[in-house]
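Undergrad: Here's a structure for you.
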Amino acid sequence: MDRKVKIPVDKIGFDFDGVIADTGENFIRLACEEYDYCSFRLEDITSFEVEGCIRMPSEIIRKIFNDILVDSLATGLQPVPGAEEALIAMTKVSRVNVITARPLLEPMEAWFHAHFDDDVTSKLNLVATGSPETKGQYIHELGLSYFVDDRAETCEQLLGEDITPFVFEQPWNRNQSHLQSVRDWQHLRQLIEV
């Protein structure tokens, strides 16, 4: 992509977990505080399949992620650094599309209402697909051409569906050299018309 050409806000969509919400930090903190698994760091999670990266019973991993999905506010889920400022700026220009693979929309809606005022939340279009494999369908329906996701497999799939993906860099998606990536929200904002 030509770096001089900026992406219009109404042509790009964003994943929620790992892009807007700091789900990795939340998982690490809950593992330590709630279950006394404190010996690993975010950098240790080198795959989207967490069970293969860290020594922790899979039922506890599933429980933590389920708690985050069901009640993001109660688990203390925080925004990724820079996401708040970027969303505020983008919603002044256009509606912002957030498409998640989460099955439940309500916890995400409650999270946005807790972190942003009505001026921002009224300009958000939130979609819960229930599956990462169906994101492309919703991206096309919304007329988007670009999408930011932390799951490299989703980005690979979108590439094959004529959508330009950007991998939001996280420890679990490193070494995806053939995919375009963004380091953080500051880097991402340089690509968007805001």
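In the structure tokens, each chain is lettered A, B, ... as it comes, each chain's residues begin at 1, and ligands are numbered from 1 in order of appearance.
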Excluding Ser181 of chain A and its own-chain neighbours fewer than 5 positions away, which residues fall within 6 Å of it when counting only C-alpha atoms? Please give them as a VMD selection string.

TA: chain A and resid 166 to 168

Undergrad: Could you pull the residues within 12 Å of Ile99 of chain A, counting only C-alpha atoms, minus those fewer than 6 positions along the same chain, as number ranges by chain?

TA: A: 12-17, 19-20, 105, 108-109, 124-142, 144, 146-149, 154

Undergrad: Take the selection from the previous step and output its residues with N, CA and C atoms, as a short mmCIF file (atom, residue, chain, number, x, y, z; two decimals), in the first residue's frame.

TA:
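For reference, part-v7.cif as written:
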data_model
loop_
_atom_site.label_atom_id
_atom_site.label_comp_id
_atom_site.auth_asym_id
_atom_site.auth_seq_id
_atom_site.Cartn_x
_atom_site.Cartn_y
_atom_site.Cartn_z
N ILE A 12 -12.31 1.17 6.78
CA ILE A 12 -11.50 0.25 7.58
C ILE A 12 -12.29 -0.21 8.80
N GLY A 13 -12.12 -1.48 9.15
CA GLY A 13 -12.76 -2.05 10.34
C GLY A 13 -11.69 -2.58 11.28
N PHE A 14 -12.12 -2.81 12.51
CA PHE A 14 -11.19 -3.21 13.57
C PHE A 14 -11.74 -4.38 14.36
N ASP A 15 -10.86 -5.30 14.68
CA ASP A 15 -11.17 -6.37 15.63
C ASP A 15 -11.21 -5.74 17.03
N PHE A 16 -11.84 -6.41 17.97
CA PHE A 16 -11.94 -5.89 19.33
C PHE A 16 -10.82 -6.41 20.23
N ASP A 17 -10.82 -7.71 20.53
CA ASP A 17 -9.83 -8.30 21.44
C ASP A 17 -8.45 -8.31 20.80
N VAL A 19 -6.81 -5.78 19.70
CA VAL A 19 -6.59 -4.60 18.87
C VAL A 19 -7.08 -3.36 19.63
N ILE A 20 -8.34 -3.38 20.06
CA ILE A 20 -8.90 -2.26 20.84
C ILE A 20 -8.80 -2.56 22.34
N LEU A 105 -22.59 -9.82 21.94
CA LEU A 105 -22.37 -8.41 21.68
C LEU A 105 -22.47 -7.57 22.96
N MET A 108 -19.37 -6.43 25.06
CA MET A 108 -18.56 -5.47 24.32
C MET A 108 -19.25 -4.10 24.33
N GLU A 109 -20.56 -4.07 24.16
CA GLU A 109 -21.30 -2.80 24.22
C GLU A 109 -21.13 -2.15 25.58
N LEU A 124 -20.22 4.21 16.86
CA LEU A 124 -19.62 2.89 16.70
C LEU A 124 -20.64 1.92 16.13
N ASN A 125 -20.21 1.13 15.17
CA ASN A 125 -21.03 0.05 14.66
C ASN A 125 -20.36 -1.25 15.13
N LEU A 126 -20.99 -1.93 16.09
CA LEU A 126 -20.41 -3.13 16.69
C LEU A 126 -21.09 -4.37 16.13
N VAL A 127 -20.27 -5.33 15.70
CA VAL A 127 -20.79 -6.58 15.12
C VAL A 127 -20.10 -7.75 15.81
N ALA A 128 -20.89 -8.70 16.31
CA ALA A 128 -20.36 -9.94 16.88
C ALA A 128 -20.71 -11.08 15.92
N THR A 129 -19.69 -11.68 15.32
CA THR A 129 -19.92 -12.71 14.30
C THR A 129 -20.04 -14.11 14.89
N GLY A 130 -19.43 -14.33 16.06
CA GLY A 130 -19.44 -15.66 16.65
C GLY A 130 -18.35 -16.57 16.11
N SER A 131 -17.65 -16.12 15.07
CA SER A 131 -16.60 -16.95 14.46
C SER A 131 -15.66 -16.07 13.65
N PRO A 132 -14.35 -16.29 13.77
CA PRO A 132 -13.42 -15.49 12.95
C PRO A 132 -13.57 -15.76 11.45
N GLU A 133 -14.04 -16.96 11.10
CA GLU A 133 -14.16 -17.33 9.69
C GLU A 133 -15.23 -16.54 8.95
N THR A 134 -16.19 -15.94 9.66
CA THR A 134 -17.27 -15.21 8.99
C THR A 134 -17.05 -13.70 8.95
N LYS A 135 -15.91 -13.22 9.45
CA LYS A 135 -15.67 -11.77 9.47
C LYS A 135 -15.69 -11.17 8.07
N GLY A 136 -15.14 -11.87 7.09
CA GLY A 136 -15.08 -11.36 5.72
C GLY A 136 -16.46 -11.00 5.18
N GLN A 137 -17.43 -11.83 5.46
CA GLN A 137 -18.81 -11.59 5.01
C GLN A 137 -19.31 -10.24 5.53
N TYR A 138 -19.10 -9.98 6.81
CA TYR A 138 -19.56 -8.72 7.42
C TYR A 138 -18.75 -7.53 6.93
N ILE A 139 -17.46 -7.74 6.72
CA ILE A 139 -16.61 -6.67 6.20
C ILE A 139 -17.10 -6.24 4.82
N HIS A 140 -17.43 -7.22 3.98
CA HIS A 140 -17.96 -6.91 2.64
C HIS A 140 -19.33 -6.23 2.73
N GLU A 141 -20.21 -6.73 3.60
CA GLU A 141 -21.54 -6.15 3.75
C GLU A 141 -21.48 -4.68 4.17
N LEU A 142 -20.47 -4.34 4.96
CA LEU A 142 -20.31 -2.96 5.43
C LEU A 142 -19.55 -2.08 4.44
N LEU A 144 -16.39 -2.28 3.56
CA LEU A 144 -15.03 -1.98 4.00
C LEU A 144 -14.01 -2.63 3.06
N TYR A 146 -10.50 -2.55 4.19
CA TYR A 146 -9.35 -2.82 5.05
C TYR A 146 -9.84 -3.32 6.40
N PHE A 147 -9.00 -4.14 7.05
CA PHE A 147 -9.37 -4.64 8.38
C PHE A 147 -8.10 -4.87 9.20
N VAL A 148 -8.19 -4.55 10.50
CA VAL A 148 -7.07 -4.72 11.43
C VAL A 148 -7.44 -5.82 12.41
N ASP A 149 -6.60 -6.84 12.51
CA ASP A 149 -6.88 -7.97 13.39
C ASP A 149 -5.56 -8.46 13.98
N THR A 154 -6.81 -15.00 10.52
CA THR A 154 -7.93 -14.21 10.00
C THR A 154 -7.44 -13.29 8.90
#

Undergrad: What's the 12 Å shell around Ser47 of chain A, counting only C-alpha atoms, without same-chain residues fewer than 2 positions away, as a PyMOL selection string?

TA: chain A and resi 24+42-45+49-54+150-153+170-176

Undergrad: I need the residues of segment 87-181 of chain A that end up classed as strand (DSSP E or B) by DSSP on the backbone, written out as number ranges by chain.

TA: A: 96-100, 124-128, 146-149, 164-168, 181

Undergrad: Mind the document's chain letters and residue numbers, and return as a ChimeraX atom specification the residues of chain A that DSSP labels alpha helix (DSSP H).

TA: /A:23-35,58-70,83-91,106-115,118-121,135-141,152-159,185-189

Undergrad: My list of candidates is A:Thr164, A:Thr46, A:Asn66, A:Ser145. Which is closest to Pro103 of chain A when distances are computed with only C-alpha atoms?

TA: A:Asn66

Undergrad: Write out as a ChimeraX atom specification each polymer residue whose atoms come within 9 Å of segment 69-77 of chain A, counting only C-alpha atoms; drop sequence neighbours fewer than 3 positions from it.

TA: /A:21-23,25-27,30,64-66,102-104,106-108,110-111,114

Undergrad: What's the 10 Å shell around Trp185 of chain A, counting only C-alpha atoms, without same-chain residues fewer than 6 positions away, as a list in words?

TA: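 Close residues of Trp185 of chain A: Val19, Ile20, Val80, Pro81, Gly82, Ala83, Glu84, Glu85, Ala86, Leu87, Phe168 and Leu191 of chain A.
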
Undergrad: Give me, please, the distance in Å between atom CA of Cys38 of chain A and atom CA of Glu169 of chain A, quoted to one decimal.

TA: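 That distance, rounded to one decimal, is 23.3 Å.
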
Undergrad: Which residue out of A:Val182, A:Leu188, A:Val9, A:Leu159 has the minimum interatomic distance to Asn97 of chain A when only C-alpha atoms are used?

TA: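 For Asn97 of chain A, the nearest of the given residues is A:Val9.
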
Undergrad: One number please: atom CA of Asp119 of chain A to atom CA of Ile192 of chain A, in Å, one decimal.

TA: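 A separation of 20.1 Å between them.
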